[in-house]
file model17.cif (mmCIF, C-alpha atoms)
data_target
loop_
_atom_site.label_atom_id
_atom_site.label_comp_id
_atom_site.auth_asym_id
_atom_site.auth_seq_id
_atom_site.Cartn_x
_atom_site.Cartn_y
_atom_site.Cartn_z
CA MET A 1 -33.26 42.76 118.29
CA ARG A 2 -36.71 41.27 118.77
CA ALA A 3 -38.24 41.15 122.17
CA ASP A 4 -38.43 37.66 123.62
CA ARG A 5 -41.96 36.30 123.34
CA GLY A 6 -41.37 33.32 125.62
CA ARG A 7 -43.57 32.99 128.67
CA SER A 8 -41.92 33.19 132.04
CA ILE A 9 -42.24 29.85 133.81
CA GLY A 10 -42.82 29.97 137.55
CA VAL A 11 -40.42 28.11 139.80
CA ARG A 12 -42.10 25.86 142.33
CA PRO A 13 -39.42 23.84 144.11
CA ARG A 14 -40.53 20.73 145.90
CA GLY A 15 -40.73 20.76 149.66
CA GLY A 16 -37.82 19.87 151.91
CA THR A 17 -34.28 21.11 152.25
CA VAL A 18 -32.75 22.65 149.15
CA ALA A 19 -29.09 21.72 149.46
CA LEU A 20 -26.10 20.88 147.28
CA VAL A 21 -27.91 19.35 144.30
CA GLY A 22 -31.35 20.81 144.98
CA THR A 23 -30.23 24.38 144.29
CA ALA A 24 -29.17 23.46 140.76
CA LEU A 25 -32.28 21.43 140.05
CA ALA A 26 -35.01 23.75 141.29
CA ALA A 27 -35.47 26.09 138.33
CA VAL A 28 -35.12 23.77 135.35
CA LEU A 29 -36.95 20.86 136.93
CA ALA A 30 -40.00 23.08 137.38
CA LEU A 31 -40.46 22.63 133.63
CA THR A 32 -41.65 19.07 133.96
CA ALA A 33 -43.20 16.77 136.50
CA CYS A 34 -42.09 13.67 134.67
CA SER A 35 -39.85 11.06 136.26
CA GLY A 36 -37.85 8.44 134.47
CA ALA A 37 -35.68 5.39 134.99
CA ASP A 38 -32.49 7.27 135.81
CA PRO A 39 -29.23 6.06 137.38
CA ALA A 40 -29.48 5.33 141.08
CA ASN A 41 -27.93 7.74 143.57
CA VAL A 42 -24.43 6.58 144.50
CA ALA A 43 -22.53 8.01 147.44
CA VAL A 44 -19.23 9.63 146.47
CA THR A 45 -16.21 9.03 148.71
CA PRO A 46 -13.34 11.50 148.22
CA THR A 47 -9.84 10.01 148.26
CA ALA A 48 -7.98 13.13 149.39
CA THR A 49 -6.49 13.03 152.88
CA GLY A 50 -5.17 16.43 154.09
CA PHE A 51 -7.31 19.54 153.80
CA GLY A 52 -5.16 22.36 152.44
CA GLY A 53 -2.06 23.81 154.00
CA GLN A 54 0.27 21.80 151.76
CA ALA A 55 3.23 23.54 150.16
CA PRO A 56 3.78 22.81 146.45
CA VAL A 57 6.76 20.53 145.93
CA ASP A 58 8.27 22.98 143.42
CA GLY A 59 7.40 26.07 141.45
CA SER A 60 5.68 24.17 138.64
CA ARG A 61 2.27 23.94 140.34
CA ASN A 62 -0.33 26.66 140.85
CA GLY A 63 -0.73 26.03 144.59
CA ILE A 64 -4.50 25.51 144.50
CA GLU A 65 -4.08 22.79 147.15
CA THR A 66 -2.71 25.35 149.64
CA VAL A 67 -5.61 27.82 149.71
CA ASP A 68 -8.89 27.82 151.62
CA GLY A 69 -12.19 26.68 150.12
CA PRO A 70 -13.69 30.09 149.19
CA THR A 71 -10.45 31.11 147.49
CA ALA A 72 -10.30 27.82 145.62
CA LEU A 73 -13.86 28.28 144.37
CA ARG A 74 -13.17 31.84 143.17
CA GLU A 75 -10.04 30.73 141.33
CA VAL A 76 -11.73 27.72 139.71
CA LEU A 77 -14.72 29.80 138.57
CA ARG A 78 -12.44 32.50 137.15
CA ALA A 79 -10.41 29.90 135.25
CA ALA A 80 -13.54 28.12 134.01
CA ARG A 81 -14.99 31.32 132.54
CA SER A 82 -11.83 32.46 130.78
CA SER A 83 -11.33 29.59 128.32
CA SER A 84 -13.23 27.45 125.84
CA VAL A 85 -14.37 24.03 127.04
CA VAL A 86 -16.55 21.03 126.34
CA ALA A 87 -18.62 20.22 129.43
CA THR A 88 -21.03 17.31 129.82
CA GLY A 89 -23.01 16.12 132.77
CA THR A 90 -26.14 14.94 134.52
CA VAL A 91 -27.96 16.24 137.56
CA THR A 92 -30.52 13.87 139.09
CA GLU A 93 -32.96 14.62 141.88
CA LEU A 94 -34.02 12.19 144.57
CA VAL A 95 -37.72 11.91 145.44
CA PRO A 96 -39.60 9.95 148.11
CA ASP A 97 -40.14 6.32 147.15
CA PRO A 98 -43.90 5.97 146.51
CA ASP A 99 -43.72 2.26 147.34
CA ALA A 100 -41.89 2.67 150.64
CA ARG A 101 -43.42 2.71 154.09
CA GLU A 102 -44.57 6.19 155.12
CA GLY A 103 -41.90 7.99 157.08
CA SER A 104 -39.13 5.58 156.02
CA GLY A 105 -37.16 8.28 154.26
CA ASP A 106 -36.48 5.96 151.31
CA THR A 107 -35.86 7.74 148.01
CA VAL A 108 -35.65 6.89 144.33
CA PRO A 109 -34.15 8.79 141.38
CA GLY A 110 -36.53 11.33 139.89
CA ARG A 111 -36.00 13.77 137.06
CA THR A 112 -32.61 14.19 135.42
CA VAL A 113 -31.09 17.11 133.53
CA ARG A 114 -28.61 16.02 130.86
CA PHE A 115 -26.49 18.61 129.08
CA THR A 116 -23.56 19.14 126.72
CA TYR A 117 -21.95 22.58 126.43
CA ARG A 118 -19.25 23.73 124.02
CA GLY A 119 -17.49 27.07 123.68
CA VAL A 120 -17.10 30.26 125.71
CA PRO A 121 -19.84 32.36 127.37
CA ASP A 122 -20.54 34.57 124.32
CA ASP A 123 -19.93 31.94 121.63
CA SER A 124 -21.33 28.57 122.64
CA SER A 125 -23.69 25.72 121.96
CA LEU A 126 -25.85 23.90 124.48
CA GLN A 127 -27.89 20.72 124.17
CA LEU A 128 -30.08 20.02 127.19
CA SER A 129 -32.87 17.63 128.07
CA VAL A 130 -35.03 17.33 131.16
CA GLY A 131 -38.04 15.04 131.32
CA GLY A 132 -39.74 15.39 127.93
CA VAL A 133 -38.24 18.81 127.16
CA THR A 134 -35.25 19.21 124.82
CA LEU A 135 -33.35 22.39 123.98
CA ASP A 136 -30.65 23.14 121.41
CA ALA A 137 -29.20 26.65 121.80
CA ARG A 138 -26.48 28.41 119.81
CA ARG A 139 -25.25 31.68 121.33
CA ARG A 140 -23.41 34.38 119.37
CA GLY A 141 -22.77 37.52 121.40
CA ASP A 142 -26.03 38.85 122.83
CA ASP A 143 -28.21 36.67 120.59
CA VAL A 144 -29.15 33.04 121.19
CA TYR A 145 -30.71 30.88 118.48
CA VAL A 146 -32.87 28.23 120.13
CA ARG A 147 -34.87 25.28 118.90
CA GLY A 148 -36.59 22.47 120.73
CA ASN A 149 -39.26 19.84 120.67
CA ALA A 150 -43.01 20.29 121.10
CA ALA A 151 -42.72 20.19 124.90
CA PHE A 152 -40.16 23.01 124.78
CA ALA A 153 -42.39 25.08 122.50
CA GLU A 154 -45.41 24.54 124.74
CA ARG A 155 -43.59 25.64 127.88
CA THR A 156 -41.85 28.67 126.39
CA GLY A 157 -44.46 29.91 123.91
CA LEU A 158 -41.91 29.73 121.06
CA ASP A 159 -44.07 27.74 118.66
CA GLU A 160 -41.69 28.29 115.73
CA ALA A 161 -38.86 26.58 117.63
CA THR A 162 -40.04 23.16 116.52
CA ALA A 163 -39.45 24.12 112.87
CA GLY A 164 -36.04 25.75 113.30
CA ARG A 165 -34.03 28.21 115.35
CA VAL A 166 -35.67 31.25 116.91
CA CYS A 167 -33.47 34.16 117.99
CA VAL A 168 -33.96 35.42 121.55
CA PRO A 169 -31.86 37.82 123.66
CA ALA A 170 -29.24 36.19 125.89
CA GLY A 171 -30.99 37.65 128.95
CA SER A 172 -34.47 36.50 127.92
CA ALA A 173 -36.98 34.66 130.09
CA THR A 174 -36.53 31.61 127.87
CA LEU A 175 -32.83 31.35 128.70
CA ARG A 176 -33.27 32.28 132.36
CA THR A 177 -35.60 29.31 132.68
CA PHE A 178 -32.69 27.00 131.89
CA ALA A 179 -30.14 28.71 134.13
CA PRO A 180 -27.71 27.74 135.57
CA PHE A 181 -27.12 25.10 132.88
CA THR A 182 -26.49 27.66 130.13
CA GLU A 183 -22.90 28.26 131.33
CA PRO A 184 -20.69 25.70 133.14
CA ASP A 185 -19.19 28.20 135.61
CA ASP A 186 -22.68 29.27 136.68
CA LEU A 187 -23.61 25.64 137.30
CA LEU A 188 -20.46 25.11 139.38
CA ARG A 189 -21.18 28.29 141.33
CA THR A 190 -24.76 27.17 141.99
CA VAL A 191 -23.82 23.68 143.13
CA LEU A 192 -20.74 24.65 145.16
CA GLY A 193 -21.38 28.19 146.32
CA ALA A 194 -25.09 28.90 146.69
CA ASP A 195 -25.74 26.96 149.88
CA GLY A 196 -24.00 28.16 153.05
CA ASP A 197 -23.76 24.58 154.33
CA VAL A 198 -21.52 23.54 151.43
CA THR A 199 -17.79 23.83 152.14
CA LEU A 200 -14.74 23.09 150.01
CA HIS A 201 -11.46 21.66 151.30
CA PRO A 202 -8.54 21.61 148.83
CA GLY A 203 -6.56 18.46 149.40
CA ALA A 204 -4.20 15.94 147.86
CA VAL A 205 -2.44 16.30 144.51
CA SER A 206 -1.99 13.30 142.24
CA GLY A 207 -0.14 12.88 138.96
CA THR A 208 2.96 14.65 137.71
CA GLY A 209 3.88 17.38 135.25
CA GLU A 210 1.04 18.83 133.21
CA ASP A 211 -1.21 15.97 134.35
CA ALA A 212 -1.07 16.91 138.05
CA ARG A 213 -4.56 17.22 139.55
CA ALA A 214 -5.69 18.59 142.89
CA GLN A 215 -8.74 17.12 144.56
CA VAL A 216 -11.08 19.56 146.31
CA VAL A 217 -13.28 17.74 148.80
CA VAL A 218 -16.91 18.91 148.76
CA ALA A 219 -18.60 18.71 152.16
CA SER A 220 -22.11 19.38 153.41
CA GLY A 221 -21.82 20.27 157.06
CA SER A 222 -19.23 17.87 158.45
CA SER A 223 -19.85 15.13 155.87
CA PRO A 224 -17.85 14.73 152.63
CA VAL A 225 -20.34 14.37 149.77
CA GLY A 226 -18.14 14.57 146.70
CA ALA A 227 -15.02 15.80 145.00
CA LEU A 228 -14.01 18.41 142.44
CA GLU A 229 -10.84 17.60 140.51
CA VAL A 230 -8.93 20.61 139.13
CA SER A 231 -5.63 21.19 137.40
CA ALA A 232 -2.72 21.71 139.80
CA VAL A 233 -0.65 23.25 136.98
CA GLY A 234 -1.34 26.52 135.20
CA GLU A 235 -4.93 27.73 135.47
CA PRO A 236 -6.93 25.67 138.02
CA VAL A 237 -9.57 24.59 135.51
CA PRO A 238 -11.96 21.83 136.64
CA TYR A 239 -11.91 18.35 135.10
CA THR A 240 -14.53 16.42 137.02
CA LEU A 241 -17.18 16.99 139.67
CA SER A 242 -19.02 14.14 141.38
CA ALA A 243 -21.27 14.70 144.36
CA ALA A 244 -24.36 13.23 145.96
CA ASP A 245 -26.47 14.20 148.95
CA GLY A 246 -30.02 13.81 150.19
CA THR A 247 -31.43 15.88 147.32
CA GLY A 248 -29.75 14.08 144.43
CA SER A 249 -26.51 13.65 142.55
CA VAL A 250 -24.41 15.59 140.07
CA SER A 251 -21.73 14.36 137.70
CA MET A 252 -19.82 16.70 135.38
CA SER A 253 -16.74 16.37 133.18
CA PHE A 254 -14.72 19.02 131.39
CA ARG A 255 -12.30 18.60 128.49
CA SER A 256 -10.68 20.45 125.57
CA TRP A 257 -9.78 23.49 127.68
CA GLY A 258 -8.56 26.29 125.43
CA ALA A 259 -9.19 24.35 122.22
CA ASP A 260 -10.45 25.98 119.03
CA LEU A 261 -13.86 24.33 118.91
CA GLU A 262 -14.92 25.88 115.57
CA LEU A 263 -18.62 26.04 116.29
CA PRO A 264 -20.81 26.24 113.16
CA ASP A 265 -23.08 29.17 112.36
CA PRO A 266 -26.70 28.84 113.51
CA ASP A 267 -28.59 26.68 111.02
CA ASP A 268 -32.28 26.46 110.09
CA VAL A 269 -33.06 29.95 111.38
CA VAL A 270 -36.81 30.62 111.14
CA ARG A 271 -36.84 33.86 113.09
CA ALA A 272 -33.82 36.14 113.00
CA CYS A 273 -32.86 38.78 115.55
#

call {"tool": "encode", "arguments": {"input": "model17.cif", "output": "structure tokens"}}
result
Amino acid sequence: MRADRGRSIGVRPRGGTVALVGTALAAVLALTACSGADPANVAVTPTATGFGGQAPVDGSRNGIETVDGPTALREVLRAARSSSVVATGTVTELVPDPDAREGSGDTVPGRTVRFTYRGVPDDSSLQLSVGGVTLDARRRGDDVYVRGNAAFAERTGLDEATAGRVCVPAGSATLRTFAPFTEPDDLLRTVLGADGDVTLHPGAVSGTGEDARAQVVVASGSSPVGALEVSAVGEPVPYTLSAADGTGSVSMSFRSWGADLELPDPDDVVRAC
């Protein structure tokens, strides 16, 4: 296997509190200082009413609504890592409004990460964009075949990546730069588990049969800031995450759990492993 020739990119998070969304944004957003016309930040109001402690109505449910927040997070992350999935989402930072009065606290949407992930951790594809940087990665085992645009090549030192796929190790600096977006469970862990102020409160179940969903309220301190919807039947795999706080907003959706996604072999390889 070739050694990764990509340059390590320093992380320089912006000032201020790094909270729910900020922890996920810090590393990848250091790639670019560009801002764009992204969707406005919208507060998310959970609809669940009781926080945990509910007994399943029968033996058909997995009981995720009865456990505490840390247990729910562990179970959701375990389920998310154990099966194939298609995950899509956006993570948008909020920045001070340059046109607002000084000290007003007004913010506007800044940079946005957009991503689509398919597969399982050691057999997956990822398309990601942030600012002017785009990445297309195809992982097979310990090797990842990456390609990107000129901005990606400039920031990683992988000049050949604009002509086709370049093979790099899965643990390379190039891939670490884009963590935690390279695997959906890592992104969930970063958003929901990295900040001690973030708490989870499993709550109400809606739907019936195989379509039953439990809503896990996401809170920052004492304030609800979003909701994670997971399956209440079988494995507690996630289906949606929507959250917004003072650092930005995150929206993720998950589908095709356990499906045979039949990912194609890496194409246009210009530098093999």

call {"tool": "resolve_selection", "arguments": {"input": "model17.cif", "expression": "the PyMOL selection byres ((chain A and resi 270) around 7)", "output": "PyMOL selection string"}}
result
chain A and resi 164-166+268-269+271-272

call {"tool": "residues_near_point", "arguments": {"input": "model17.cif", "point": "(-42.0, 23.1, 124.9)", "cutoff": "12 Å", "atoms": "all atoms listed in the file", "output": "MDAnalysis selection string"}}
result
chainID A and resid 6:7 9 31:32 129:136 146:162 174 177

call {"tool": "atom_distance", "arguments": {"input": "model17.cif", "atom1": "CA of Arg81 in chain A", "atom2": "CA of Ser253 in chain A"}}
result
15.1 Å

call {"tool": "atom_distance", "arguments": {"input": "model17.cif", "atom1": "CA of Asp185 in chain A", "atom2": "CA of Val76 in chain A"}}
result
8.5 Å

call {"tool": "closest_residue", "arguments": {"input": "model17.cif", "among": "A:Ser124, A:Ser251, A:Thr116, A:Thr92", "to": "Leu188 in chain A", "atoms": "all atoms listed in the file"}}
result
A:Ser251

call {"tool": "atom_distance", "arguments": {"input": "model17.cif", "atom1": "CA of Val250 in chain A", "atom2": "CA of Ala227 in chain A"}}
result
10.6 Å

call {"tool": "closest_residue", "arguments": {"input": "model17.cif", "among": "A:Asp142, A:Asp99, A:Asp245, A:Asp260", "to": "Arg118 in chain A", "atoms": "all atoms listed in the file"}}
result
A:Asp260

call {"tool": "closest_atom_pairs", "arguments": {"input": "model17.cif", "of": "range 61-105 of chain A", "to": "range 199-220 of chain A", "cutoff": "12 Å", "atoms": "all atoms listed in the file", "output": "tab-separated table"}}
result
residue	atom	partner	partner_atom	distance
A:Arg61	CA	A:Ala212	CA	8.1
A:Asn62	CA	A:Ala214	CA	9.9
A:Gly63	CA	A:Ala214	CA	9.1
A:Ile64	CA	A:Pro202	CA	7.1
A:Glu65	CA	A:Pro202	CA	4.9
A:Thr66	CA	A:Pro202	CA	7.0
A:Val67	CA	A:Pro202	CA	6.9
A:Asp68	CA	A:His201	CA	6.7
A:Gly69	CA	A:Leu200	CA	4.4
A:Pro70	CA	A:Leu200	CA	7.1
A:Thr71	CA	A:Leu200	CA	9.4
A:Ala72	CA	A:Pro202	CA	7.2
A:Leu73	CA	A:Leu200	CA	7.7
A:Arg74	CA	A:Leu200	CA	11.2
A:Glu75	CA	A:Pro202	CA	11.9
A:Val76	CA	A:Val216	CA	10.5
